[in-house]
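Raw contents of target19.txt, compact mmCIF, C-alpha atoms:
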# COMPACT_ATOMS: atom_id res chain seq x y z
CA SER A 288 51.10 -44.52 -28.69
CA PHE A 289 51.22 -47.95 -27.11
CA ALA A 290 53.94 -47.08 -24.58
CA ALA A 291 52.04 -44.04 -23.38
CA SER A 292 48.82 -45.95 -22.86
CA LEU A 293 50.72 -48.64 -20.94
CA SER A 294 52.25 -46.11 -18.54
CA ALA A 295 48.84 -44.48 -18.06
CA VAL A 296 47.49 -47.84 -16.91
CA ALA A 297 50.43 -48.27 -14.51
CA ILE A 298 49.86 -44.84 -12.98
CA GLY A 299 46.15 -45.52 -12.63
CA MET A 300 46.84 -48.73 -10.77
CA SER A 301 49.37 -47.25 -8.38
CA LEU A 302 46.82 -44.62 -7.32
CA CYS A 303 44.17 -47.24 -6.56
CA ALA A 304 46.39 -49.77 -4.79
CA VAL A 305 47.08 -48.06 -1.48
CA PRO A 306 49.95 -49.99 0.14
CA ALA A 307 49.57 -51.40 3.64
CA PHE A 308 52.24 -49.85 5.87
CA ALA A 309 54.03 -51.33 8.86
CA GLN A 310 53.80 -49.45 12.16
CA GLY A 311 55.71 -46.18 12.38
CA THR A 312 57.34 -44.11 9.69
CA ILE A 313 60.90 -43.45 8.58
CA LYS A 314 61.66 -39.76 9.04
CA VAL A 315 63.62 -37.94 6.35
CA GLY A 316 65.23 -34.54 6.98
CA VAL A 317 65.08 -31.74 4.39
CA LEU A 318 67.65 -29.01 5.08
CA HIS A 319 67.36 -26.32 2.39
CA SER A 320 67.16 -22.50 2.50
CA LEU A 321 63.57 -21.45 1.88
CA SER A 322 64.40 -17.78 2.57
CA GLY A 323 67.41 -15.47 2.13
CA THR A 324 69.88 -15.17 -0.75
CA MET A 325 69.99 -18.91 -1.57
CA ALA A 326 66.22 -19.53 -1.62
CA ILE A 327 66.21 -18.80 -5.39
CA SER A 328 68.18 -22.04 -5.86
CA GLU A 329 67.28 -24.21 -2.88
CA THR A 330 63.49 -24.02 -2.50
CA VAL A 331 62.89 -26.22 -5.52
CA LEU A 332 65.19 -28.92 -4.06
CA LYS A 333 62.93 -29.19 -1.01
CA ASP A 334 60.02 -29.76 -3.41
CA THR A 335 62.02 -32.37 -5.36
CA VAL A 336 62.60 -34.36 -2.14
CA LEU A 337 58.88 -34.14 -1.30
CA MET A 338 57.93 -35.32 -4.80
CA ALA A 339 60.31 -38.30 -4.57
CA ILE A 340 58.96 -39.19 -1.11
CA ASP A 341 55.37 -39.19 -2.43
CA GLU A 342 56.47 -41.41 -5.28
CA ILE A 343 58.35 -43.87 -3.03
CA ASN A 344 55.39 -43.99 -0.61
CA ALA A 345 52.96 -44.70 -3.48
CA LYS A 346 55.11 -47.72 -4.39
CA GLY A 347 54.97 -49.12 -0.86
CA GLY A 348 57.51 -46.97 1.01
CA VAL A 349 60.81 -48.32 2.30
CA LEU A 350 60.99 -51.54 4.35
CA GLY A 351 57.19 -51.47 4.30
CA LYS A 352 57.14 -48.10 6.11
CA LYS A 353 56.05 -44.70 4.86
CA LEU A 354 58.68 -41.98 4.55
CA GLU A 355 57.80 -38.87 6.56
CA PRO A 356 59.55 -35.61 5.57
CA VAL A 357 60.71 -33.16 8.25
CA VAL A 358 61.31 -29.80 6.53
CA VAL A 359 63.32 -27.01 8.21
CA ASP A 360 64.48 -23.61 6.91
CA PRO A 361 68.10 -22.70 7.69
CA ALA A 362 67.41 -19.39 5.90
CA SER A 363 70.75 -18.94 4.04
CA ASN A 364 72.33 -18.55 7.50
CA TRP A 365 75.40 -20.78 7.73
CA PRO A 366 75.54 -21.34 11.55
CA LEU A 367 71.77 -21.96 11.51
CA PHE A 368 72.38 -24.90 9.13
CA ALA A 369 74.37 -26.66 11.90
CA GLU A 370 71.69 -25.90 14.49
CA LYS A 371 68.90 -27.22 12.26
CA ALA A 372 70.95 -30.31 11.37
CA LYS A 373 71.36 -31.06 15.08
CA GLN A 374 67.62 -30.63 15.59
CA LEU A 375 66.81 -33.03 12.72
CA ILE A 376 69.17 -35.71 14.02
CA THR A 377 68.66 -35.52 17.80
CA GLN A 378 65.09 -34.22 18.22
CA ASP A 379 63.35 -35.39 15.06
CA LYS A 380 65.37 -38.62 14.82
CA VAL A 381 65.59 -38.55 11.01
CA ALA A 382 67.20 -41.56 9.29
CA VAL A 383 68.83 -39.40 6.63
CA THR A 384 68.99 -35.73 5.59
CA PHE A 385 68.89 -34.26 2.09
CA GLY A 386 70.21 -30.74 1.97
CA CYS A 387 72.67 -27.85 1.69
CA TRP A 388 73.64 -25.94 -1.46
CA THR A 389 76.69 -23.82 -0.71
CA SER A 390 79.90 -25.44 0.49
CA VAL A 391 79.93 -23.07 3.44
CA SER A 392 76.60 -24.55 4.61
CA ARG A 393 77.94 -28.09 4.06
CA LYS A 394 81.15 -27.30 5.99
CA SER A 395 78.97 -25.88 8.77
CA VAL A 396 76.91 -29.09 9.19
CA LEU A 397 79.74 -31.56 8.56
CA PRO A 398 80.95 -31.85 12.19
CA VAL A 399 77.34 -32.45 13.31
CA PHE A 400 76.79 -35.35 10.90
CA GLU A 401 80.19 -36.85 11.75
CA GLU A 402 79.78 -36.52 15.51
CA LYS A 403 76.28 -38.04 15.48
CA ASN A 404 77.22 -40.60 12.79
CA ALA A 405 74.26 -39.45 10.67
CA LEU A 406 73.81 -39.36 6.88
CA LEU A 407 73.74 -36.33 4.57
CA PHE A 408 73.08 -36.42 0.84
CA TYR A 409 74.52 -33.30 -0.81
CA PRO A 410 73.16 -32.59 -4.32
CA VAL A 411 75.20 -29.67 -5.70
CA GLN A 412 78.43 -29.27 -7.67
CA TYR A 413 81.26 -28.29 -5.34
CA GLU A 414 85.01 -27.76 -5.08
CA GLY A 415 85.95 -31.39 -4.30
CA GLU A 416 88.82 -31.93 -1.84
CA GLU A 417 86.45 -33.41 0.73
CA LEU A 418 85.49 -36.95 1.62
CA SER A 419 83.39 -37.72 4.65
CA LYS A 420 82.16 -41.13 5.63
CA ASN A 421 78.83 -39.45 6.51
CA VAL A 422 78.19 -37.60 3.24
CA PHE A 423 77.21 -38.78 -0.24
CA TYR A 424 78.03 -36.17 -2.90
CA THR A 425 75.62 -36.47 -5.83
CA GLY A 426 76.69 -33.24 -7.59
CA ALA A 427 79.87 -32.75 -9.64
CA ALA A 428 83.45 -32.32 -8.48
CA PRO A 429 85.69 -29.98 -10.59
CA ASN A 430 86.82 -32.81 -12.92
CA GLN A 431 83.14 -33.38 -13.78
CA GLN A 432 82.21 -29.76 -14.51
CA ALA A 433 84.75 -26.92 -14.16
CA ILE A 434 87.69 -28.46 -16.01
CA PRO A 435 85.66 -29.85 -18.96
CA ALA A 436 83.99 -26.41 -19.29
CA VAL A 437 87.32 -24.59 -19.50
CA GLU A 438 88.66 -27.21 -21.94
CA TYR A 439 85.60 -26.46 -24.07
CA LEU A 440 86.21 -22.67 -23.96
CA MET A 441 89.84 -23.24 -25.08
CA SER A 442 88.78 -25.52 -27.94
CA LYS A 443 87.95 -24.36 -31.45
CA ASP A 444 84.23 -25.09 -30.92
CA GLY A 445 84.25 -23.04 -27.73
CA GLY A 446 85.86 -20.00 -29.37
CA GLY A 447 89.54 -20.64 -28.57
CA ALA A 448 89.76 -18.49 -25.42
CA LYS A 449 93.27 -17.36 -24.38
CA ARG A 450 92.41 -15.06 -21.41
CA PHE A 451 90.15 -15.94 -18.49
CA VAL A 452 88.12 -14.02 -15.94
CA LEU A 453 87.42 -16.12 -12.84
CA LEU A 454 84.47 -14.44 -11.17
CA GLY A 455 82.79 -15.81 -8.06
CA THR A 456 80.95 -15.31 -4.81
CA ASP A 457 83.40 -14.98 -1.93
CA TYR A 458 83.43 -18.35 -0.16
CA VAL A 459 85.10 -21.74 -0.28
CA TYR A 460 83.57 -23.25 -3.45
CA PRO A 461 84.46 -20.44 -5.91
CA ARG A 462 87.88 -19.83 -4.35
CA THR A 463 88.91 -23.49 -4.31
CA THR A 464 87.49 -24.19 -7.78
CA ASN A 465 89.39 -21.19 -9.13
CA LYS A 466 92.60 -22.37 -7.42
CA ILE A 467 92.15 -25.69 -9.27
CA LEU A 468 91.32 -23.89 -12.55
CA ARG A 469 94.32 -21.56 -12.21
CA ALA A 470 96.63 -24.57 -11.86
CA PHE A 471 94.93 -26.21 -14.84
CA LEU A 472 95.25 -23.07 -17.01
CA LYS A 473 98.90 -22.68 -16.01
CA ALA A 474 99.54 -26.29 -17.07
CA LYS A 475 97.97 -25.37 -20.43
CA GLY A 476 100.41 -22.46 -20.84
CA VAL A 477 98.12 -19.56 -19.82
CA ALA A 478 100.17 -16.78 -18.15
CA ASP A 479 99.14 -15.19 -14.83
CA ALA A 480 98.72 -11.86 -16.63
CA ASP A 481 95.98 -13.51 -18.73
CA ILE A 482 93.92 -14.49 -15.68
CA MET A 483 91.76 -11.98 -13.82
CA GLU A 484 90.16 -13.16 -10.55
CA ASP A 485 87.43 -11.31 -8.66
CA TYR A 486 84.95 -12.05 -5.84
CA THR A 487 81.76 -10.45 -4.55
CA PRO A 488 79.88 -11.12 -1.29
CA PHE A 489 76.66 -13.18 -1.06
CA GLY A 490 73.65 -11.11 -2.17
CA HIS A 491 75.84 -8.64 -4.12
CA ALA A 492 73.72 -6.57 -6.49
CA ASP A 493 75.90 -3.96 -8.27
CA TYR A 494 77.96 -5.43 -11.08
CA GLN A 495 78.52 -2.19 -13.06
CA SER A 496 82.20 -1.65 -12.26
CA ILE A 497 83.05 -5.36 -12.46
CA ILE A 498 81.55 -5.73 -15.95
CA ALA A 499 83.38 -2.54 -17.00
CA LYS A 500 86.62 -4.12 -15.70
CA ILE A 501 85.91 -7.32 -17.65
CA LYS A 502 85.27 -5.30 -20.83
CA LYS A 503 88.61 -3.54 -20.41
CA PHE A 504 90.43 -6.83 -19.73
CA ALA A 505 88.82 -8.36 -22.84
CA SER A 506 89.74 -5.39 -25.05
CA GLU A 507 93.47 -6.09 -24.70
CA GLY A 508 93.67 -8.24 -27.80
CA LYS A 509 93.26 -11.90 -26.84
CA LYS A 510 90.01 -13.87 -26.96
CA THR A 511 88.57 -13.72 -23.42
CA ALA A 512 86.03 -15.89 -21.58
CA VAL A 513 84.41 -15.53 -18.16
CA VAL A 514 84.08 -18.46 -15.77
CA SER A 515 81.34 -17.65 -13.26
CA THR A 516 80.92 -19.22 -9.84
CA ILE A 517 78.50 -16.49 -8.70
CA ASN A 518 75.90 -18.11 -6.44
CA GLY A 519 72.30 -17.41 -5.53
CA ASP A 520 70.26 -14.31 -6.36
CA SER A 521 73.33 -12.20 -7.32
CA ASN A 522 73.10 -13.90 -10.71
CA VAL A 523 70.06 -11.81 -11.62
CA PRO A 524 71.83 -8.38 -11.42
CA PHE A 525 75.01 -9.92 -12.90
CA TYR A 526 73.24 -11.08 -16.06
CA LYS A 527 71.15 -7.90 -16.27
CA GLU A 528 74.36 -5.84 -16.21
CA LEU A 529 75.94 -8.05 -18.89
CA GLY A 530 72.94 -7.15 -21.05
CA ASN A 531 73.06 -3.44 -20.09
CA GLN A 532 76.71 -3.12 -21.09
CA GLY A 533 76.15 -5.14 -24.28
CA LEU A 534 78.67 -7.84 -23.44
CA LYS A 535 77.59 -10.46 -25.95
CA ALA A 536 78.47 -14.15 -25.96
CA THR A 537 80.11 -13.72 -29.37
CA ASP A 538 82.60 -11.24 -27.84
CA VAL A 539 83.11 -12.61 -24.32
CA PRO A 540 81.31 -15.88 -23.55
CA VAL A 541 80.35 -16.51 -19.92
CA VAL A 542 80.23 -20.10 -18.71
CA ALA A 543 78.43 -20.56 -15.39
CA PHE A 544 78.59 -23.44 -12.90
CA CYS A 545 75.87 -22.20 -10.53
CA VAL A 546 73.27 -21.00 -13.03
CA GLY A 547 70.70 -23.41 -14.32
CA GLU A 548 67.19 -23.15 -15.71
CA GLU A 549 65.82 -22.00 -12.33
CA GLU A 550 68.22 -19.05 -11.84
CA LEU A 551 67.53 -17.71 -15.37
CA ARG A 552 63.79 -17.66 -14.70
CA GLY A 553 63.75 -14.02 -13.54
CA VAL A 554 66.05 -12.66 -16.23
CA ASP A 555 65.42 -11.25 -19.69
CA THR A 556 67.47 -13.75 -21.69
CA LYS A 557 67.42 -11.88 -25.04
CA PRO A 558 70.80 -10.17 -24.42
CA LEU A 559 72.23 -13.40 -23.00
CA VAL A 560 71.73 -15.68 -26.00
CA GLY A 561 74.81 -17.85 -26.53
CA HIS A 562 76.17 -17.62 -22.99
CA LEU A 563 76.94 -21.02 -21.51
CA ALA A 564 76.52 -23.24 -18.50
CA ALA A 565 78.24 -26.51 -17.64
CA TRP A 566 76.23 -29.10 -15.74
CA ASN A 567 75.70 -32.86 -15.66
CA TYR A 568 72.03 -32.51 -16.60
CA PHE A 569 69.85 -30.06 -18.52
CA MET A 570 66.08 -30.01 -18.88
CA SER A 571 66.57 -30.12 -22.66
CA VAL A 572 68.44 -33.48 -22.58
CA LYS A 573 66.60 -35.84 -24.92
CA SER A 574 65.94 -39.19 -23.27
CA PRO A 575 62.83 -41.20 -22.37
CA ALA A 576 63.91 -41.05 -18.69
CA ASN A 577 64.04 -37.25 -18.87
CA THR A 578 60.68 -36.95 -20.64
CA GLU A 579 59.23 -38.95 -17.76
CA PHE A 580 61.05 -36.89 -15.10
CA VAL A 581 59.94 -33.54 -16.57
CA LYS A 582 56.35 -34.78 -16.82
CA LYS A 583 56.42 -36.06 -13.24
CA TRP A 584 57.70 -32.71 -12.01
CA SER A 585 55.18 -30.73 -14.12
CA ASP A 586 52.27 -32.78 -12.76
CA TYR A 587 53.55 -32.49 -9.19
CA ALA A 588 54.16 -28.72 -9.45
CA LYS A 589 50.64 -28.17 -10.83
CA ALA A 590 49.02 -30.40 -8.20
CA LYS A 591 50.87 -28.66 -5.35
CA GLY A 592 50.61 -25.14 -6.82
CA ILE A 593 54.38 -24.59 -6.60
CA ALA A 594 55.17 -20.91 -7.23
CA GLY A 595 56.54 -20.30 -10.73
CA HIS A 596 56.49 -24.00 -11.58
CA LYS A 597 52.74 -24.57 -11.73
CA ASP A 598 52.67 -22.37 -14.87
CA LYS A 599 56.20 -22.90 -16.16
CA PRO A 600 57.75 -26.08 -14.75
CA LEU A 601 61.54 -26.25 -15.00
CA THR A 602 63.94 -29.00 -14.02
CA ASN A 603 67.67 -28.56 -13.40
CA ASP A 604 70.88 -30.34 -12.42
CA PRO A 605 70.66 -30.14 -8.59
CA MET A 606 67.05 -31.39 -8.84
CA GLU A 607 68.26 -34.41 -10.80
CA ALA A 608 71.09 -34.99 -8.28
CA THR A 609 68.58 -34.73 -5.41
CA TYR A 610 66.24 -37.21 -7.11
CA ILE A 611 69.08 -39.69 -7.79
CA GLY A 612 70.23 -39.36 -4.17
CA ILE A 613 66.93 -40.12 -2.48
CA ASN A 614 66.21 -43.04 -4.82
CA MET A 615 69.67 -44.54 -4.26
CA TRP A 616 69.27 -44.11 -0.49
CA ALA A 617 65.90 -45.95 -0.61
CA GLN A 618 67.52 -48.77 -2.64
CA ALA A 619 70.41 -48.98 -0.17
CA VAL A 620 68.04 -49.17 2.84
CA GLU A 621 66.14 -52.01 1.16
CA LYS A 622 69.42 -53.79 0.43
CA ALA A 623 70.71 -53.27 4.00
CA LYS A 624 67.26 -54.13 5.45
CA SER A 625 68.01 -51.30 7.88
CA THR A 626 68.23 -47.48 8.13
CA GLU A 627 71.30 -47.78 10.38
CA THR A 628 73.99 -45.39 9.07
CA ASP A 629 76.89 -47.85 8.76
CA LYS A 630 74.76 -50.51 7.08
CA VAL A 631 73.32 -48.00 4.59
CA ILE A 632 76.82 -46.64 3.80
CA ALA A 633 77.98 -50.17 2.97
CA ALA A 634 74.90 -50.79 0.82
CA MET A 635 75.35 -47.47 -1.08
CA ALA A 636 78.67 -48.61 -2.63
CA GLY A 637 78.11 -49.34 -6.32
CA GLN A 638 74.38 -48.47 -6.25
CA THR A 639 73.02 -47.65 -9.71
CA PHE A 640 70.00 -45.61 -10.77
CA LYS A 641 68.62 -44.82 -14.22
CA ALA A 642 69.05 -41.03 -14.05
CA PRO A 643 66.69 -38.55 -15.76
CA GLY A 644 69.67 -37.38 -17.84
CA GLY A 645 69.42 -40.67 -19.73
CA PHE A 646 72.49 -42.32 -18.20
CA THR A 647 72.79 -44.91 -15.49
CA SER A 648 74.31 -43.13 -12.51
CA THR A 649 76.70 -45.21 -10.40
CA MET A 650 77.83 -44.45 -6.85
CA ASP A 651 81.56 -45.06 -6.68
CA LYS A 652 82.38 -48.14 -4.63
CA GLU A 653 84.85 -46.22 -2.46
CA ASN A 654 84.63 -42.45 -2.64
CA HIS A 655 80.94 -41.47 -2.12
CA HIS A 656 80.78 -39.55 -5.42
CA LEU A 657 78.67 -40.32 -8.51
CA HIS A 658 80.03 -41.20 -11.92
CA LYS A 659 78.28 -38.79 -14.31
CA PRO A 660 78.42 -37.27 -17.81
CA VAL A 661 79.05 -33.56 -18.41
CA PHE A 662 77.15 -31.25 -20.78
CA ILE A 663 77.67 -27.70 -22.03
CA GLY A 664 74.36 -25.83 -22.41
CA GLU A 665 73.69 -22.60 -24.27
CA VAL A 666 71.17 -19.88 -23.42
CA LYS A 667 68.52 -19.71 -26.13

Show me the file's structure as structure tokens.
Amino acid sequence: SFAASLSAVAIGMSLCAVPAFAQGTIKVGVLHSLSGTMAISETVLKDTVLMAIDEINAKGGVLGKKLEPVVVDPASNWPLFAEKAKQLITQDKVAVTFGCWTSVSRKSVLPVFEEKNALLFYPVQYEGEELSKNVFYTGAAPNQQAIPAVEYLMSKDGGGAKRFVLLGTDYVYPRTTNKILRAFLKAKGVADADIMEDYTPFGHADYQSIIAKIKKFASEGKKTAVVSTINGDSNVPFYKELGNQGLKATDVPVVAFCVGEEELRGVDTKPLVGHLAAWNYFMSVKSPANTEFVKKWSDYAKAKGIAGHKDKPLTNDPMEATYIGINMWAQAVEKAKSTETDKVIAAMAGQTFKAPGGFTSTMDKENHHLHKPVFIGEVK
């Protein structure tokens, strides 16, 4: 097609025209777990930042300078996040950091970014109830994910659920989100007796008794749904056990907020068909911007030999949020003509970016959160 041949020409040109760079580079911190329980989710975000940096550099960098990534591994160790953040800011002198997944890691680094007046872009859905001058939150707050998902489960299309299991990993994001959901359900007339709440530690692997408990709770007559805020690699044994105990989506649908395309990679999805996830982006979203994003990622993953992705490239919501974040930051630096924190913060207000999900993402003028659509996805 004509459009395709045009873009091929554009790509060809950008490879040949090597931009002339001003002296020095702008250092960019990448603070994601590449080992430990959260590596299953975070590793790919490090690669997304590196892909975006390559792309920005190929277009001439920022302020005429090349971006230089500084990658560290806080290893799913929450205090280590703070230590590595300090190292990035004081030793490596990064202009901005992209990183964290869990809220406990973000809470750990927050005092560091505030004390040093440095910038963090945080790309994952979280419990809300936080606003720092030094953080831009490009993932969803509960009103952009958790509440619409539960509204869907209660609706006729979503099966008309009357009882709810709130199941999460034991830390601030699941507990606070469930506190918000409990209040929401109560306002909708759901009794306390119709809400079961349970938590498991990070890295938890044995879900036999919990699934048995859910089955019993669901057998008491009212249509039941599970809301899962299980994080990291615990999702693999959780979904396996759902399959083992034959808990089908038609009986008890599970809607997840921390499971995307990447986390389902290592799971046999046949028994999980029909289970749900709520995110602000899915790989299957049909839009020209997404077709381009998926192709970009596929090409990059193949070229760099990224494990899992070179053969079966997947994109997901936190990758999109990461990609929006770094592009908006680059736009804000150009607008501010400076990488100075306070100037960039001012320039970030109202920034827009044509997101892979096919919508124009807007950074709120005041509250450092993105305006974004919400989607319900179904396991095929």

**For Lys652 of chain A, the nearest of the candidates A:Lys535, A:Gln638, A:Asp444, A:Ile501, counting all atoms listed in the file** = A:Gln638

**Prompt:** Separation of atom CA of Ser363 of chain A and atom CA of Met325 of chain A, in Å?
**Reply:**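 Taking atom CA of Ser363 of chain A and atom CA of Met325 of chain A, their separation equals 5.7 Å.
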
**Item:** Residues within 7 Å of (55.8, -43.7, 11.3), file coords, all atoms listed in the file, listed as a count of residues only
**Value:** 6

**Prompt:** Taking (100.9, -16.8, -19.6) in the file's coordinates as the center, which residues reach within 12 Å of it, counting only C-alpha atoms, put as a list in words?
**Reply:**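 In the file's frame, the residues around the point are Lys449, Arg450, Phe451, Arg469, Ala470, Leu472, Lys473, Ala474, Lys475, Gly476, Val477, Ala478, Asp479, Ala480, Asp481, Ile482, Met483 and Lys509 of chain A.
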
**Request:** Rank nothing, just name the residue among A:Asn344, A:Asn603, A:Asn567, A:Thr377 nearest to Trp584 of chain A, using all atoms listed in the file.
**Result:**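 Once distances to Trp584 of chain A are computed over all atoms listed in the file, the minimum belongs to A:Asn603.
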
**Asked** How many Å lie between atom CA of Leu350 of chain A and atom CA of Gln378 of chain A, rounded to one decimal?
**Response**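 About the pair atom CA of Leu350 of chain A and atom CA of Gln378 of chain A: they are 22.6 Å apart.
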
**Request:** Find the residue from A:Gly644, A:Gly612, A:Gly664, A:Gly446 that sits nearest to Leu407 of chain A; use all atoms listed in the file when measuring.
**Result:**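 Among the listed residues, the smallest separation from Leu407 of chain A belongs to A:Gly612.
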
**Asked** Do you know which residues are at most 12 Å from Ser322 of chain A counting only C-alpha atoms, after dropping those on the same chain fewer than 2 positions away, and could you put them as a list in words?
**Response** Leu318, His319, Ser320, Thr324, Met325, Ala326, Ile327, Ser328, Glu329, Thr330, Val331, Val359, Asp360, Pro361, Ala362, Ser363, Asn364, Gly519 and Asp520 of chain A

**Request:** Would you list the contacts of Ser515 of chain A as number ranges by chain, taking every protein, DNA or RNA residue within 12 Å and counting only C-alpha atoms, but skipping same-chain residues closer than 2 positions in sequence?
**Result:** A: 433, 436-437, 451-457, 460-462, 464-465, 468, 483-487, 512-513, 517-519, 521-522, 525-526, 540-546, 562-565

**segment 387-403 of chain A surroundings by all atoms listed in the file, 7 Å radius, close-in-sequence under 6 positions cut, as a PyMOL selection string** = chain A and resi 318-319+329+365-366+368-369+372-373+409+411+413+421+458-460

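Of the residues listed (A:Trp616, A:Val422, A:Ile611, A:Glu414), A:Ile611 shows the shortest atom-to-atom separation from Thr647 of chain A; distances use all atoms listed in the file.
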
**Request:** Extract, using all atoms listed in the file, all DNA, RNA and protein residues at most 12 Å from Val581 of chain A, discarding same-chain residues fewer than 5 positions from it, and format them as a list in words.
**Result:**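 Everything that qualifies: Thr335, Phe569, Met570, Ser571, Val572, Lys573, Ser574, Pro575, Ala576, Asp586, Tyr587, Ala588, His596, Lys599, Pro600, Leu601, Thr602, Asn603, Met606, Glu607, Tyr610, Pro643 and Gly644 of chain A.
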
Please list as a compact mmCIF listing (two decimals) with C-alpha atoms, keeping the file's coordinate frame every residue within 12 Å of Ile340 of chain A, counting only C-alpha atoms and excluding residues in the same chain fewer than 6 positions away.
# COMPACT_ATOMS: atom_id res chain seq x y z
CA THR A 312 57.34 -44.11 9.69
CA ILE A 313 60.90 -43.45 8.58
CA LYS A 314 61.66 -39.76 9.04
CA VAL A 315 63.62 -37.94 6.35
CA GLY A 316 65.23 -34.54 6.98
CA VAL A 317 65.08 -31.74 4.39
CA LYS A 333 62.93 -29.19 -1.01
CA ASP A 334 60.02 -29.76 -3.41
CA LYS A 346 55.11 -47.72 -4.39
CA GLY A 347 54.97 -49.12 -0.86
CA GLY A 348 57.51 -46.97 1.01
CA VAL A 349 60.81 -48.32 2.30
CA LYS A 352 57.14 -48.10 6.11
CA LYS A 353 56.05 -44.70 4.86
CA LEU A 354 58.68 -41.98 4.55
CA GLU A 355 57.80 -38.87 6.56
CA PRO A 356 59.55 -35.61 5.57
CA VAL A 357 60.71 -33.16 8.25
CA PHE A 385 68.89 -34.26 2.09
CA TYR A 587 53.55 -32.49 -9.19
CA THR A 609 68.58 -34.73 -5.41
CA TYR A 610 66.24 -37.21 -7.11
CA GLY A 612 70.23 -39.36 -4.17
CA ILE A 613 66.93 -40.12 -2.48
CA ASN A 614 66.21 -43.04 -4.82
CA TRP A 616 69.27 -44.11 -0.49
CA ALA A 617 65.90 -45.95 -0.61

**Prompt:** Please, what distance in Å, to one decimal, runs between atom CA of Val336 of chain A and atom CA of Phe580 of chain A?
**Reply:**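 Separation of atom CA of Val336 of chain A and atom CA of Phe580 of chain A: 13.3 Å.
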
Output, as lines of an AutoDock Vina configuration file, the centre and edge lengths in Å (one decimal) of the axis-aligned box that contains all listed atoms of segment 623-634 of chain A with 8 Å of margin on each side.
center_x = 72.6
center_y = -49.8
center_z = 5.6
size_x = 26.7
size_y = 24.7
size_z = 25.6

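Each of A:Asn404, A:Ser419, A:Thr556, A:Gln618 was checked against Val523 of chain A using only C-alpha atoms; the smallest atom-to-atom distance is that of A:Thr556.
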